[in-house]
file structure.cif (mmCIF, C-alpha atoms)
data_final
#
loop_
_atom_site.group_PDB
_atom_site.id
_atom_site.type_symbol
_atom_site.label_atom_id
_atom_site.label_comp_id
_atom_site.auth_asym_id
_atom_site.auth_seq_id
_atom_site.Cartn_x
_atom_site.Cartn_y
_atom_site.Cartn_z
ATOM 1 C CA MET A 28 114.321 -91.291 118.889
ATOM 2 C CA SER A 29 117.533 -89.930 120.260
ATOM 3 C CA LYS A 30 120.102 -88.123 118.170
ATOM 4 C CA LYS A 31 122.508 -91.012 118.643
ATOM 5 C CA LYS A 32 120.026 -93.540 117.280
ATOM 6 C CA LYS A 33 119.199 -91.285 114.346
ATOM 7 C CA ALA A 34 122.877 -90.987 113.491
ATOM 8 C CA ILE A 35 123.285 -94.793 113.673
ATOM 9 C CA VAL A 36 120.232 -95.312 111.396
ATOM 10 C CA ILE A 37 121.537 -92.774 108.853
ATOM 11 C CA VAL A 38 125.010 -94.360 108.869
ATOM 12 C CA ALA A 39 123.446 -97.834 108.448
ATOM 13 C CA ILE A 40 121.360 -96.652 105.492
ATOM 14 C CA LEU A 41 124.399 -95.064 103.850
ATOM 15 C CA LEU A 42 126.436 -98.248 104.411
ATOM 16 C CA ALA A 43 123.635 -100.349 102.903
ATOM 17 C CA ILE A 44 123.530 -98.117 99.835
ATOM 18 C CA LEU A 45 127.336 -98.237 99.514
ATOM 19 C CA ILE A 46 127.484 -102.032 99.912
ATOM 20 C CA SER A 47 124.679 -102.584 97.399
ATOM 21 C CA PHE A 48 126.474 -100.326 94.912
ATOM 22 C CA LEU A 49 129.832 -102.076 95.341
ATOM 23 C CA GLY A 50 128.252 -105.514 95.439
ATOM 24 C CA GLY A 51 126.213 -104.757 92.357
ATOM 25 C CA GLN A 52 129.395 -103.872 90.467
ATOM 26 C CA THR A 53 131.108 -107.063 91.621
ATOM 27 C CA PHE A 54 128.258 -109.372 90.632
ATOM 28 C CA SER A 55 127.100 -107.629 87.469
ATOM 29 C CA LYS A 56 126.658 -109.409 84.178
ATOM 30 C CA TYR A 57 129.386 -109.454 81.537
ATOM 31 C CA ILE A 58 129.785 -106.153 79.714
ATOM 32 C CA THR A 59 131.403 -105.768 76.309
ATOM 33 C CA GLU A 60 132.342 -102.410 74.855
ATOM 34 C CA VAL A 61 132.755 -102.160 71.089
ATOM 35 C CA VAL A 62 134.303 -99.065 69.531
ATOM 36 C CA GLY A 63 133.792 -98.502 65.816
ATOM 37 C CA ASN A 64 135.757 -96.273 63.448
ATOM 38 C CA VAL A 65 134.178 -94.471 60.507
ATOM 39 C CA ASN A 66 136.218 -94.332 57.314
ATOM 40 C CA THR A 67 134.912 -92.088 54.558
ATOM 41 C CA LYS A 68 136.333 -91.904 51.072
ATOM 42 C CA ILE A 69 136.051 -88.473 49.466
ATOM 43 C CA ALA A 70 134.758 -88.482 45.885
ATOM 44 C CA ASN A 71 137.237 -87.474 43.185
ATOM 45 C CA TRP A 72 136.622 -84.414 40.999
ATOM 46 C CA ASN A 73 138.040 -84.203 37.496
ATOM 47 C CA PHE A 74 136.954 -81.786 34.778
ATOM 48 C CA VAL A 75 139.088 -81.151 31.683
ATOM 49 C CA VAL A 76 138.267 -79.135 28.558
ATOM 50 C CA ASN A 77 140.347 -79.632 25.406
ATOM 51 C CA GLY A 78 143.021 -81.311 27.512
ATOM 52 C CA GLN A 79 143.364 -78.384 29.927
ATOM 53 C CA THR A 80 142.079 -77.745 33.421
ATOM 54 C CA SER A 81 142.079 -73.943 33.159
ATOM 55 C CA GLU A 82 138.604 -72.445 32.990
ATOM 56 C CA THR A 83 139.084 -70.054 30.061
ATOM 57 C CA GLN A 84 140.791 -70.701 26.730
ATOM 58 C CA THR A 85 141.313 -68.134 23.993
ATOM 59 C CA ILE A 86 140.351 -69.453 20.572
ATOM 60 C CA ASN A 87 141.970 -68.108 17.392
ATOM 61 C CA LEU A 88 140.236 -69.320 14.269
ATOM 62 C CA GLU A 89 143.520 -69.791 12.410
ATOM 63 C CA SER A 90 144.304 -72.661 14.783
ATOM 64 C CA THR A 91 141.088 -74.401 13.653
ATOM 65 C CA ILE A 92 141.316 -73.840 9.894
ATOM 66 C CA ASN A 93 140.708 -76.849 7.631
ATOM 67 C CA ASN A 94 142.050 -75.671 4.279
ATOM 68 C CA ARG A 95 145.511 -74.438 3.312
ATOM 69 C CA THR A 96 144.603 -71.937 0.608
ATOM 70 C CA VAL A 97 145.953 -68.947 2.557
ATOM 71 C CA LYS A 98 149.571 -68.504 3.659
ATOM 72 C CA ASP A 99 150.420 -69.584 7.213
ATOM 73 C CA LYS A 100 146.869 -70.835 7.783
ATOM 74 C CA LYS A 101 145.522 -67.299 8.167
ATOM 75 C CA VAL A 102 141.824 -66.552 8.037
ATOM 76 C CA ALA A 103 140.451 -64.777 4.975
ATOM 77 C CA PRO A 104 137.253 -64.751 2.902
ATOM 78 C CA GLY A 105 136.658 -68.250 1.556
ATOM 79 C CA THR A 106 138.360 -70.077 4.449
ATOM 80 C CA LYS A 107 136.586 -72.409 6.841
ATOM 81 C CA GLY A 108 137.348 -74.639 9.771
ATOM 82 C CA THR A 109 136.106 -76.570 12.755
ATOM 83 C CA ILE A 110 136.201 -75.731 16.447
ATOM 84 C CA LEU A 111 136.202 -78.818 18.677
ATOM 85 C CA ILE A 112 135.147 -78.579 22.306
ATOM 86 C CA THR A 113 135.955 -81.766 24.216
ATOM 87 C CA ILE A 114 134.631 -81.976 27.771
ATOM 88 C CA ASP A 115 136.088 -84.803 29.839
ATOM 89 C CA GLY A 116 134.823 -85.881 33.258
ATOM 90 C CA THR A 117 136.816 -89.145 33.330
ATOM 91 C CA GLY A 118 137.935 -89.916 36.865
ATOM 92 C CA SER A 119 135.207 -87.877 38.535
ATOM 93 C CA ASP A 120 133.163 -89.747 41.134
ATOM 94 C CA VAL A 121 130.352 -87.195 41.111
ATOM 95 C CA GLY A 122 127.916 -86.077 38.437
ATOM 96 C CA ILE A 123 128.887 -82.953 36.480
ATOM 97 C CA LYS A 124 126.686 -80.269 34.941
ATOM 98 C CA TYR A 125 128.462 -78.091 32.390
ATOM 99 C CA ASP A 126 127.763 -74.896 30.449
ATOM 100 C CA VAL A 127 129.733 -73.316 27.592
ATOM 101 C CA MET A 128 130.029 -69.534 27.207
ATOM 102 C CA VAL A 129 131.814 -67.061 24.941
ATOM 103 C CA ASP A 130 133.233 -63.775 26.238
ATOM 104 C CA ASN A 131 135.365 -60.971 24.816
ATOM 105 C CA GLU A 132 134.380 -61.619 21.213
ATOM 106 C CA THR A 133 136.267 -59.034 19.130
ATOM 107 C CA THR A 134 136.322 -57.923 15.484
ATOM 108 C CA LYS A 135 134.135 -60.667 14.045
ATOM 109 C CA PRO A 136 133.874 -60.352 10.248
ATOM 110 C CA ASN A 137 130.270 -59.663 9.179
ATOM 111 C CA ASN A 138 130.351 -62.460 6.592
ATOM 112 C CA LEU A 139 131.677 -65.132 8.940
ATOM 113 C CA ARG A 140 129.048 -67.745 9.813
ATOM 114 C CA PHE A 141 128.904 -70.719 12.169
ATOM 115 C CA LYS A 142 127.238 -74.111 11.793
ATOM 116 C CA TYR A 143 126.193 -76.557 14.509
ATOM 117 C CA LYS A 144 124.102 -79.715 14.039
ATOM 118 C CA GLY A 145 123.058 -78.622 10.539
ATOM 119 C CA GLN A 146 121.849 -75.169 11.656
ATOM 120 C CA ASN A 147 123.472 -71.881 10.592
ATOM 121 C CA TYR A 148 124.273 -69.139 13.128
ATOM 122 C CA ASN A 149 125.614 -65.590 12.802
ATOM 123 C CA SER A 150 127.390 -65.722 16.166
ATOM 124 C CA ILE A 151 129.178 -68.446 18.086
ATOM 125 C CA SER A 152 127.483 -67.126 21.243
ATOM 126 C CA ASP A 153 124.155 -68.325 19.845
ATOM 127 C CA ILE A 154 125.587 -71.853 19.690
ATOM 128 C CA THR A 155 127.337 -71.932 23.044
ATOM 129 C CA ARG A 156 124.123 -70.881 24.801
ATOM 130 C CA ILE A 157 122.627 -74.240 23.816
ATOM 131 C CA ILE A 158 125.702 -76.349 24.640
ATOM 132 C CA THR A 159 124.907 -77.521 28.110
ATOM 133 C CA GLY A 160 124.795 -81.008 29.484
ATOM 134 C CA VAL A 161 125.347 -83.538 32.220
ATOM 135 C CA ILE A 162 127.949 -86.216 32.754
ATOM 136 C CA ASN A 163 126.550 -88.690 35.274
ATOM 137 C CA ALA A 164 128.841 -90.276 37.853
ATOM 138 C CA ASN A 165 128.025 -93.775 36.566
ATOM 139 C CA ASP A 166 128.320 -93.010 32.834
ATOM 140 C CA GLU A 167 130.726 -95.365 31.067
ATOM 141 C CA ASP A 168 131.765 -92.676 28.591
ATOM 142 C CA LYS A 169 132.447 -89.375 30.347
ATOM 143 C CA VAL A 170 133.752 -87.535 27.287
ATOM 144 C CA LYS A 171 131.465 -85.158 25.352
ATOM 145 C CA THR A 172 132.668 -83.618 22.071
ATOM 146 C CA TYR A 173 131.022 -80.690 20.306
ATOM 147 C CA GLU A 174 131.933 -79.760 16.741
ATOM 148 C CA ILE A 175 131.246 -76.212 15.571
ATOM 149 C CA GLY A 176 131.931 -75.369 11.943
ATOM 150 C CA TRP A 177 132.738 -71.888 10.724
ATOM 151 C CA GLU A 178 133.074 -70.356 7.271
ATOM 152 C CA TRP A 179 133.983 -66.900 6.046
ATOM 153 C CA LEU A 180 131.655 -66.621 3.069
ATOM 154 C CA TYR A 181 133.193 -65.450 -0.204
ATOM 155 C CA GLU A 182 131.555 -62.946 -2.596
ATOM 156 C CA ILE A 183 128.038 -63.335 -1.284
ATOM 157 C CA GLY A 184 125.009 -61.528 -2.649
ATOM 158 C CA GLY A 185 122.473 -61.732 -5.445
ATOM 159 C CA SER A 186 123.615 -58.663 -7.354
ATOM 160 C CA VAL A 187 126.821 -56.857 -8.270
ATOM 161 C CA ASP A 188 126.046 -54.151 -5.689
ATOM 162 C CA GLU A 189 125.473 -56.694 -2.900
ATOM 163 C CA ILE A 190 128.702 -58.526 -3.747
ATOM 164 C CA ALA A 191 130.596 -55.212 -3.741
ATOM 165 C CA LYS A 192 129.070 -54.287 -0.357
ATOM 166 C CA HIS A 193 130.154 -57.608 1.170
ATOM 167 C CA ASP A 194 133.602 -57.295 -0.382
ATOM 168 C CA ARG A 195 134.002 -53.900 1.334
ATOM 169 C CA GLU A 196 132.944 -55.479 4.654
ATOM 170 C CA ASP A 197 135.545 -58.213 4.121
ATOM 171 C CA MET A 198 138.276 -55.625 3.469
ATOM 172 C CA GLU A 199 137.321 -53.741 6.638
ATOM 173 C CA ALA A 200 137.479 -56.977 8.628
ATOM 174 C CA LEU A 201 140.921 -57.781 7.211
ATOM 175 C CA GLU A 202 142.159 -54.334 8.245
ATOM 176 C CA ARG A 203 140.795 -54.711 11.801
ATOM 177 C CA GLY A 204 142.984 -57.744 12.478
ATOM 178 C CA ALA A 205 142.549 -60.971 14.405
ATOM 179 C CA TYR A 206 139.160 -62.280 15.391
ATOM 180 C CA THR A 207 139.359 -63.860 18.842
ATOM 181 C CA PHE A 208 137.069 -64.835 21.677
ATOM 182 C CA ASP A 209 137.367 -66.494 25.063
ATOM 183 C CA LEU A 210 135.702 -69.860 25.424
ATOM 184 C CA THR A 211 134.678 -70.654 28.991
ATOM 185 C CA VAL A 212 133.334 -74.028 30.094
ATOM 186 C CA ILE A 213 132.024 -74.199 33.642
ATOM 187 C CA GLY A 214 131.595 -77.576 35.286
ATOM 188 C CA SER A 215 129.841 -77.936 38.620
ATOM 189 C CA GLN A 216 128.947 -80.903 40.770
ATOM 190 C CA ILE A 217 125.365 -82.093 40.571
ATOM 191 C CA VAL A 218 123.926 -82.001 44.085
ATOM 192 C CA PRO A 219 123.035 -85.571 45.105
ATOM 193 C CA LYS A 220 119.405 -86.092 46.071
ATOM 194 C CA GLU A 221 118.203 -88.301 48.899
ATOM 195 C CA ASN A 222 117.552 -91.928 47.859
ATOM 196 C CA GLU A 223 119.048 -91.293 44.445
ATOM 197 C CA ALA A 224 122.267 -92.673 43.027
ATOM 198 C CA ILE A 225 124.772 -90.082 41.909
#

call {"tool": "encode", "arguments": {"input": "structure.cif", "output": "structure tokens"}}
result
Amino acid sequence: MSKKKKAIVIVAILLAILISFLGGQTFSKYITEVVGNVNTKIANWNFVVNGQTSETQTINLESTINNRTVKDKKVAPGTKGTILITIDGTGSDVGIKYDVMVDNETTKPNNLRFKYKGQNYNSISDITRIITGVINANDEDKVKTYEIGWEWLYEIGGSVDEIAKHDREDMEALERGAYTFDLTVIGSQIVPKENEAI
């Protein structure tokens, strides 16, 4: 075959391919293109402790005292009170796990005791270690309240010597000054699991 015939055959093949491509586009079936948009709502997070959003609150026992037997609601032997910890996850769209901790506990009187759920404790730290919980995203009531009682015992002991010893401890505590501690409540989102409602 001559070069001229080869060139004509190649051009004819290319024209056939081009015509079939253009013709195929002209006579193709109907085509519909649908474009979808994805809208995602971000879950709300809300975690409030005792009406505040700050992580750490300093607790002074005089602000929790129940009786008025001491001037200006000061703490002294024989006084008692209640510490309320209210954890509120209202408005949160995700589950919340929370832990309560006490830091910077200073000058605790030796004869001051705490009470939680009918049990007596020497330190508030012993109580806060067991205050942990979960607020589920679908819970109707997302408010958890913990009530911790405290009492500065008065003239304790089975003998005159024991009472005198505890009285000396009380005097030393009064001279040291205010008993304070920082209450920290940490709330964190519960990680959703596959095939499980939050």

call {"tool": "atom_distance", "arguments": {"input": "structure.cif", "atom1": "atom CA of A:Asn147", "atom2": "atom CA of A:Ile183"}}
result
15.3 Å

call {"tool": "closest_residue", "arguments": {"input": "structure.cif", "among": "A:Lys33, A:Arg156, A:Lys169, A:Arg195", "to": "A:Val127", "atoms": "only C-alpha atoms"}}
result
A:Arg156

call {"tool": "resolve_selection", "arguments": {"input": "structure.cif", "expression": "the PyMOL selection byres ((chain A and resi 213) around 9)", "output": "count of residues only"}}
result
11

call {"tool": "atom_distance", "arguments": {"input": "structure.cif", "atom1": "atom CA of A:Ile112", "atom2": "atom CA of A:Asn138"}}
result
23.0 Å

call {"tool": "atom_distance", "arguments": {"input": "structure.cif", "atom1": "atom CA of A:Ile157", "atom2": "atom CA of A:Lys135"}}
result
20.3 Å

call {"tool": "resolve_selection", "arguments": {"input": "structure.cif", "expression": "the PyMOL selection byres ((chain A and resi 193) around 9)", "output": "mmCIF file with C-alpha atoms, in the coordinates of the input"}}
result
data_model
loop_
_atom_site.group_PDB
_atom_site.id
_atom_site.type_symbol
_atom_site.label_atom_id
_atom_site.label_comp_id
_atom_site.auth_asym_id
_atom_site.auth_seq_id
_atom_site.Cartn_x
_atom_site.Cartn_y
_atom_site.Cartn_z
ATOM 1 C CA ASN A 137 130.270 -59.663 9.179
ATOM 2 C CA ASN A 138 130.351 -62.460 6.592
ATOM 3 C CA TYR A 181 133.193 -65.450 -0.204
ATOM 4 C CA GLU A 182 131.555 -62.946 -2.596
ATOM 5 C CA ILE A 183 128.038 -63.335 -1.284
ATOM 6 C CA GLY A 184 125.009 -61.528 -2.649
ATOM 7 C CA ASP A 188 126.046 -54.151 -5.689
ATOM 8 C CA GLU A 189 125.473 -56.694 -2.900
ATOM 9 C CA ILE A 190 128.702 -58.526 -3.747
ATOM 10 C CA ALA A 191 130.596 -55.212 -3.741
ATOM 11 C CA LYS A 192 129.070 -54.287 -0.357
ATOM 12 C CA ASP A 194 133.602 -57.295 -0.382
ATOM 13 C CA ARG A 195 134.002 -53.900 1.334
ATOM 14 C CA GLU A 196 132.944 -55.479 4.654
ATOM 15 C CA ASP A 197 135.545 -58.213 4.121
ATOM 16 C CA MET A 198 138.276 -55.625 3.469
#

call {"tool": "residues_around", "arguments": {"input": "structure.cif", "residues": "A:Pro104", "least_positions_apart": "2", "cutoff": "6 Å", "atoms": "all atoms listed in the file", "output": "count of residues only"}}
result
4

call {"tool": "decode", "arguments": {"input": "structure.cif", "residues": "stretch 146-192 of chain A", "atoms": "N, CA and C atoms", "output": "mmCIF file, in the first residue's frame"}}
result
data_model
loop_
_atom_site.group_PDB
_atom_site.id
_atom_site.type_symbol
_atom_site.label_atom_id
_atom_site.label_comp_id
_atom_site.auth_asym_id
_atom_site.auth_seq_id
_atom_site.Cartn_x
_atom_site.Cartn_y
_atom_site.Cartn_z
ATOM 1 N N GLN A 146 -22.672 8.328 105.910
ATOM 2 C CA GLN A 146 -21.326 7.882 106.295
ATOM 3 C C GLN A 146 -20.517 9.078 106.792
ATOM 4 N N ASN A 147 -19.679 8.851 107.796
ATOM 5 C CA ASN A 147 -18.808 9.897 108.338
ATOM 6 C C ASN A 147 -17.419 9.818 107.705
ATOM 7 N N TYR A 148 -16.829 10.999 107.450
ATOM 8 C CA TYR A 148 -15.506 11.084 106.826
ATOM 9 C C TYR A 148 -14.673 12.130 107.562
ATOM 10 N N ASN A 149 -13.372 11.893 107.657
ATOM 11 C CA ASN A 149 -12.465 12.866 108.266
ATOM 12 C C ASN A 149 -12.075 13.975 107.297
ATOM 13 N N SER A 150 -12.129 13.686 106.003
ATOM 14 C CA SER A 150 -11.700 14.661 104.999
ATOM 15 C C SER A 150 -12.729 14.752 103.888
ATOM 16 N N ILE A 151 -12.910 15.949 103.360
ATOM 17 C CA ILE A 151 -13.840 16.113 102.238
ATOM 18 C C ILE A 151 -13.279 15.443 100.984
ATOM 19 N N SER A 152 -11.956 15.319 100.904
ATOM 20 C CA SER A 152 -11.347 14.651 99.742
ATOM 21 C C SER A 152 -11.811 13.201 99.630
ATOM 22 N N ASP A 153 -12.026 12.562 100.779
ATOM 23 C CA ASP A 153 -12.509 11.175 100.759
ATOM 24 C C ASP A 153 -13.895 11.080 100.134
ATOM 25 N N ILE A 154 -14.685 12.128 100.279
ATOM 26 C CA ILE A 154 -16.041 12.139 99.702
ATOM 27 C C ILE A 154 -15.984 12.458 98.213
ATOM 28 N N THR A 155 -15.222 13.498 97.868
ATOM 29 C CA THR A 155 -15.228 13.916 96.462
ATOM 30 C C THR A 155 -14.633 12.852 95.542
ATOM 31 N N ARG A 156 -13.791 11.979 96.077
ATOM 32 C CA ARG A 156 -13.257 10.891 95.241
ATOM 33 C C ARG A 156 -14.351 9.955 94.757
ATOM 34 N N ILE A 157 -15.456 9.877 95.501
ATOM 35 C CA ILE A 157 -16.535 8.961 95.104
ATOM 36 C C ILE A 157 -17.681 9.678 94.397
ATOM 37 N N ILE A 158 -17.588 11.019 94.285
ATOM 38 C CA ILE A 158 -18.624 11.751 93.545
ATOM 39 C C ILE A 158 -18.200 11.808 92.086
ATOM 40 N N THR A 159 -18.707 10.917 91.345
ATOM 41 C CA THR A 159 -18.473 10.865 89.906
ATOM 42 C C THR A 159 -19.756 10.375 89.274
ATOM 43 N N GLY A 160 -20.014 10.757 88.075
ATOM 44 C CA GLY A 160 -21.266 10.326 87.463
ATOM 45 C C GLY A 160 -21.348 10.670 85.996
ATOM 46 N N VAL A 161 -22.534 10.388 85.453
ATOM 47 C CA VAL A 161 -22.796 10.591 84.031
ATOM 48 C C VAL A 161 -24.151 11.270 83.877
ATOM 49 N N ILE A 162 -24.190 12.240 83.004
ATOM 50 C CA ILE A 162 -25.455 12.834 82.572
ATOM 51 C C ILE A 162 -25.595 12.459 81.102
ATOM 52 N N ASN A 163 -26.572 11.611 80.797
ATOM 53 C CA ASN A 163 -26.758 11.167 79.417
ATOM 54 C C ASN A 163 -27.425 12.253 78.588
ATOM 55 N N ALA A 164 -27.136 12.255 77.287
ATOM 56 C CA ALA A 164 -27.678 13.275 76.395
ATOM 57 C C ALA A 164 -29.200 13.266 76.382
ATOM 58 N N ASN A 165 -29.814 12.097 76.552
ATOM 59 C CA ASN A 165 -31.273 11.996 76.479
ATOM 60 C C ASN A 165 -31.957 12.008 77.842
ATOM 61 N N ASP A 166 -31.217 12.241 78.919
ATOM 62 C CA ASP A 166 -31.829 12.329 80.245
ATOM 63 C C ASP A 166 -32.799 13.503 80.297
ATOM 64 N N GLU A 167 -33.970 13.281 80.900
ATOM 65 C CA GLU A 167 -34.920 14.384 81.068
ATOM 66 C C GLU A 167 -34.421 15.375 82.105
ATOM 67 N N ASP A 168 -33.891 14.864 83.209
ATOM 68 C CA ASP A 168 -33.355 15.722 84.262
ATOM 69 C C ASP A 168 -31.835 15.682 84.196
ATOM 70 N N LYS A 169 -31.230 16.804 83.836
ATOM 71 C CA LYS A 169 -29.774 16.851 83.675
ATOM 72 C C LYS A 169 -29.106 17.607 84.821
ATOM 73 N N VAL A 170 -29.781 17.664 85.966
ATOM 74 C CA VAL A 170 -29.230 18.334 87.132
ATOM 75 C C VAL A 170 -28.969 17.296 88.220
ATOM 76 N N LYS A 171 -27.739 17.257 88.723
ATOM 77 C CA LYS A 171 -27.356 16.342 89.806
ATOM 78 C C LYS A 171 -26.922 17.192 91.001
ATOM 79 N N THR A 172 -27.491 16.926 92.178
ATOM 80 C CA THR A 172 -27.154 17.682 93.377
ATOM 81 C C THR A 172 -26.576 16.750 94.432
ATOM 82 N N TYR A 173 -25.453 17.157 94.994
ATOM 83 C CA TYR A 173 -24.790 16.400 96.054
ATOM 84 C C TYR A 173 -24.773 17.263 97.309
ATOM 85 N N GLU A 174 -25.146 16.666 98.428
ATOM 86 C CA GLU A 174 -25.215 17.368 99.699
ATOM 87 C C GLU A 174 -24.200 16.757 100.659
ATOM 88 N N ILE A 175 -23.247 17.577 101.074
ATOM 89 C CA ILE A 175 -22.196 17.126 101.992
ATOM 90 C C ILE A 175 -22.341 17.912 103.293
ATOM 91 N N GLY A 176 -22.586 17.207 104.378
ATOM 92 C CA GLY A 176 -22.694 17.857 105.675
ATOM 93 C C GLY A 176 -21.339 17.952 106.347
ATOM 94 N N TRP A 177 -21.162 18.953 107.160
ATOM 95 C CA TRP A 177 -19.943 19.086 107.950
ATOM 96 C C TRP A 177 -20.308 19.533 109.362
ATOM 97 N N GLU A 178 -19.474 19.165 110.324
ATOM 98 C CA GLU A 178 -19.694 19.563 111.704
ATOM 99 C C GLU A 178 -18.358 19.637 112.427
ATOM 100 N N TRP A 179 -18.153 20.743 113.125
ATOM 101 C CA TRP A 179 -16.982 20.891 113.974
ATOM 102 C C TRP A 179 -17.410 20.412 115.362
ATOM 103 N N LEU A 180 -16.968 19.219 115.701
ATOM 104 C CA LEU A 180 -17.411 18.572 116.941
ATOM 105 C C LEU A 180 -16.968 19.379 118.168
ATOM 106 N N TYR A 181 -17.811 19.381 119.184
ATOM 107 C CA TYR A 181 -17.592 20.197 120.373
ATOM 108 C C TYR A 181 -17.327 19.313 121.588
ATOM 109 N N GLU A 182 -16.214 19.570 122.277
ATOM 110 C CA GLU A 182 -15.834 18.859 123.501
ATOM 111 C C GLU A 182 -15.997 17.339 123.361
ATOM 112 N N ILE A 183 -15.226 16.783 122.461
ATOM 113 C CA ILE A 183 -15.319 15.341 122.234
ATOM 114 C C ILE A 183 -14.288 14.604 123.078
ATOM 115 N N GLY A 184 -14.605 13.388 123.434
ATOM 116 C CA GLY A 184 -13.697 12.549 124.203
ATOM 117 C C GLY A 184 -14.434 11.860 125.335
ATOM 118 N N GLY A 185 -13.858 10.751 125.793
ATOM 119 C CA GLY A 185 -14.491 9.965 126.845
ATOM 120 C C GLY A 185 -13.980 10.289 128.236
ATOM 121 N N SER A 186 -12.948 11.125 128.312
ATOM 122 C CA SER A 186 -12.396 11.463 129.627
ATOM 123 C C SER A 186 -12.073 12.954 129.652
ATOM 124 N N VAL A 187 -11.772 13.448 130.839
ATOM 125 C CA VAL A 187 -11.416 14.860 130.997
ATOM 126 C C VAL A 187 -10.150 15.178 130.198
ATOM 127 N N ASP A 188 -9.181 14.263 130.216
ATOM 128 C CA ASP A 188 -7.934 14.480 129.475
ATOM 129 C C ASP A 188 -8.175 14.536 127.970
ATOM 130 N N GLU A 189 -9.023 13.632 127.463
ATOM 131 C CA GLU A 189 -9.317 13.628 126.021
ATOM 132 C C GLU A 189 -10.044 14.908 125.620
ATOM 133 N N ILE A 190 -10.993 15.338 126.426
ATOM 134 C CA ILE A 190 -11.719 16.581 126.125
ATOM 135 C C ILE A 190 -10.755 17.758 126.118
ATOM 136 N N ALA A 191 -9.847 17.804 127.095
ATOM 137 C CA ALA A 191 -8.858 18.885 127.159
ATOM 138 C C ALA A 191 -7.938 18.863 125.942
ATOM 139 N N LYS A 192 -7.542 17.677 125.503
ATOM 140 C CA LYS A 192 -6.681 17.543 124.314
ATOM 141 C C LYS A 192 -7.389 18.104 123.082
#
